Structures are given as structure tokens and as C-alpha cells.
Amino acid sequence: MALQIISCGLSDVGRKRTGNEDSFLVDPENGFYIVADGMGGHNAGEVASAKAIEVASAYIREHKSALDDLKTNPTPANGEAAQKLIETAIQTASQTVYEMSQEDIAKRGMGTTFVSIFVAGSKAILGHVGDSRAYLFRQGEAHCLTEDHTLIAAQLKAGTITKEEAAKSPYKNVITRAVGIHPSVQVDTLLIDLLPGDLFMLCSDGLHGYLRDEEPTLLLGAAPAKELPQKLIDLANARGGKDNITCVCVGVEGTTNASSKEIATEAAAKMEALRKISLFRHLSYKEQSTVLSIASTRTYPAGREIVIEGQQGNELFVILRGRITIEKDGVAVTELRAGHHFGEMGLIDSAPRSATIRAKDPTRVMIIDRSDLMALMRKDPVLAVKLLWSFVQVISDRLRVTTHELTTTRQALAMLQEDADDDDENEEETTDELS
């Protein structure tokens, strides 16, 4: 699928500040798009944001083979290597900015947020630190792909503060993660499929601080990527412009041939199917995208066994296209179609499969492996808690259904036993009468 990237970036000092500490990069040749919002006195914020972008982008250009490998061969392993590259590049920037702050007392404590998209063929890697944000506008709906690394966001996530309280909090600008404050920093990364019609928007808090929850969907669909930055900056200034305002928009265009349509359809089917599975239903769009980033796909010809009864398995399968039959002791029990899933208990342990699953038609499935999911959970404790809680709910629901079915079966057996006892008594009475 041939994709064309249309991009535009702008930065504005706003209406209250005298200097601009934001920096941004739009590099279509390499596919690098970055927004950084600096902090620190005596123009140190401007230095931090510019230096972080310079160092991170230079590091990635020097080690770009990881992105090239992902572009030519988008396997999960290459995706993981590309994410590691972005993480290391931002870590390198943090080390450099920190060392600069230690060498100049006027720059002590300087740092910067960092939000970025790096394009590699049909994939993109998001890298993020701080409270600058990345949004994805896809199929008429906007999704925030980042979580603010702020004290307020942490309190909201922990449930110790309400949205109303957060809006009035004096700690709204307290950032818990930034590039350059320490020699190293925890970096959030995300591997994303690129689809024709996608639009990414990277921005500093000087813009998103003025946006209400429902507005990104309305605004990002209102103009093409080339026009959006100016329109959004004008909006932020009209609403006060109390901070520097930076916006980078990246639009994805592509030919609408059969291949691209199939890829787009499959990507939408993967997300829709994942959302319907109880285990992943309560995750945010970003978290669901994170799970999809570790999933693989496979096609089975008609008649091929996907899962074999009695063999151990540690994968969850989601049917994207085709039909499968579930066989127990060689007998077909039921049939499942696209959108259904099977094998989820394999994500908990490697117990023997309870049935054989066979492709009835040529069938394409999405596969989530237990070891990959466990690695993801170790990396993201919040995601781990959500998934573990969902596991408990799924098992509880199944136990409740099983208990109900067992109780019903016992009652039916008891009634049959009573009927059999009554028949025996009647037979004995008849025998007595005849004798």
C-alpha cells in the first residue's frame, strides 16, 4: 500500500508570553514529526526543547536501519526494535539536556516535554514524555494517544480528585516526567498502523489546554492537515493564548485500490473485534492500540486445524475473516464466524485445549500470545491491573454460568430420580395386586 504523508507545523508565542520556549520539527524526507515544550528560566526552556529535538532526531537518523527494517518487513520483532530505537533516542536527549543544565547554573532545572511520530512505511512509532499530546483522527473520531505525565493526571487516574477539582487545582502545571530534568526518563512508545485518511495532531499544552473533551473530533475533521495548525493556533489565541502554542499535523493519504481497502478493513476489524472481547473492553483506545501492536495475523486454508484438542496452547485467536468449527472428540459441536474469538484461557496458563478448532472456510485470524501480553503487562502496571481485573470478571462470569448450569442439571436429575422412584413404587404396587 503506497501512502503519501501531508504535513504542516506552526508555533506561536501566544498572547501572554514574550518568548517562545516551544520547538518543533517537520521532516517529511525522514518521516520525523516532533513537538517539544521547554521549561526553565533565562531562556533555558527554549534551549532544552531545541536541543532535545536536535539530539533525538540525529540519533534516529544515525540508527535509522531499525525504521528501514520495519518499513520493508513490518513484523512484531521489527516493531519492537523500532520502539526501542525511539526510546533510546529520547533517553539520549534527556542525558544531553541534563548535562547542559549541570554545566551552566543559569540553566539548572531546565527540561522539556517531547511528543513525536516517526513514520516507517505503513507503520508509525509514537514517542512521548510530559504533557504535550498526540491525537489520532480516524474514521470520523478523534482519540488521544498519550497520557499526560502530570500530578493532576495521576490523581485523576487514582480517583483521588474529580475533573471539577482538577480544573481548579493549583497543581495543574506540575509535570511528573520531562526530558532533561534527570539523566534518564521513562518514555512511552506505541506502534501504530497507518491507514489512508488518518490524521495525527501533535501539540503543546498551550493548545490542548483550551480544548474541551469532545472538541478534537469536531476540529480535526474540519480542515486538511496543511490548514489545521493555523486554525487551531488561532482558536487557542482567541480563547486566551496564555502560553506558547505549537501544533504539527500529519495527514495520511493513499490510493483506494483493492489492497489498501483490504488493509484498512482488516485494521478496523481488529480494533472492533478487540473492543467486543470482555478482557479488553474496558481499556482506553491507547491501551487497546498497545495490545494490537503485539498481535500478529495468520491465514488458514479450509480444513486446516488451528487448535488441536489435548495440546497445550497459550494464544487467544480472533476471527477476522471466514468461519471455524469447534470439534469435541471428533464431532462438530458449533460454528463461529468473523468477530468471534476463542482460546482466551490460554492467556492465563498453558492448559490442554478442550476442543479442536478447524477452519471451515479460508480463515484469517488475529493472534495474541500470552508471553507477549505478559511482557506488555510488566511494562505497563496500569494496563496490567485493568487486564487482571477483567480476567477475574471473566472467570467469575464463567463460574456463575457453570454453577447455574450445574444446579439446573442437578435439579433435573433429582426430578428424573423422583420419577424413577415413583415408577418403581407403582410397579411394586401393581405386582402386589397381581399376586
# chains A, B, ... in the order shown; residues from 1 in each chain; ligands from 1
$ residues_around --residues "Ala48 in chain A" --least-positions-apart "3" --cutoff "10 Å" --atoms "only C-alpha atoms" --output "ChimeraX atom specification"
/A:21-23,36-40,43-45,51-54,93-94,96-98,100-101,107,109-113,179-181
$ select_by_dssp --residues "range 59-306 of chain A" --states "strand (DSSP E)" --output "PyMOL selection string"
chain A and resi 111-112+114-120+123-129+133-138+141-144+188-193+199-203+245-254+296-300+305-306
$ closest_residue --among "A:Leu156, A:Ala225, A:Val248, A:Leu199" --to "Tyr33 in chain A" --atoms "only C-alpha atoms"
A:Val248
$ atom_distance --atom1 "CA of Glu305 in chain A" --atom2 "CA of Thr356 in chain A"
7.1 Å
$ closest_atom_pairs --of "range 201-253 of chain A" --to "range 3-11 of chain A" --cutoff "9 Å" --atoms "only C-alpha atoms" --output "tab-separated table"
residue	atom	partner	partner_atom	distance
A:Pro224	CA	A:Ile6	CA	8.9
A:Ala225	CA	A:Ser7	CA	6.0
A:Lys226	CA	A:Cys8	CA	5.2
A:Glu227	CA	A:Cys8	CA	7.8
A:Leu228	CA	A:Cys8	CA	8.2
A:Pro229	CA	A:Leu10	CA	6.0
A:Gln230	CA	A:Leu10	CA	6.9
A:Ile233	CA	A:Ser11	CA	7.9
A:Asn244	CA	A:Ser11	CA	7.5
A:Ile245	CA	A:Ser11	CA	5.7
A:Thr246	CA	A:Ser11	CA	4.2
A:Cys247	CA	A:Leu10	CA	5.6
A:Val248	CA	A:Gly9	CA	4.0
A:Cys249	CA	A:Cys8	CA	5.5
A:Val250	CA	A:Ser7	CA	4.4
A:Gly251	CA	A:Ile6	CA	4.9
A:Val252	CA	A:Ile5	CA	4.9
A:Glu253	CA	A:Gln4	CA	5.0
$ residues_around --residues "Ile357 in chain A" --least-positions-apart "4" --cutoff "6 Å" --atoms "only C-alpha atoms" --output "list in words"
Glu305, Ile306, Val307, Thr325 and Ile326 of chain A
$ atom_distance --atom1 "CA of Ile60 in chain A" --atom2 "CA of Arg133 in chain A"
20.8 Å
$ atom_distance --atom1 "CA of Gly159 in chain A" --atom2 "CA of Met377 in chain A"
21.1 Å
$ select_by_dssp --residues "range 194-435 of chain A" --states "helix (DSSP H, G or I)" --output "VMD selection string"
chain A and resid 205 to 208 215 to 220 228 to 238 258 to 276 285 to 292 344 to 347 370 to 379 381 to 434
$ residues_around --residues "Ile125 in chain A" --least-positions-apart "3" --cutoff "7 Å" --atoms "only C-alpha atoms" --output "NGL selection string"
:A and (83 or 117-119 or 189-192)
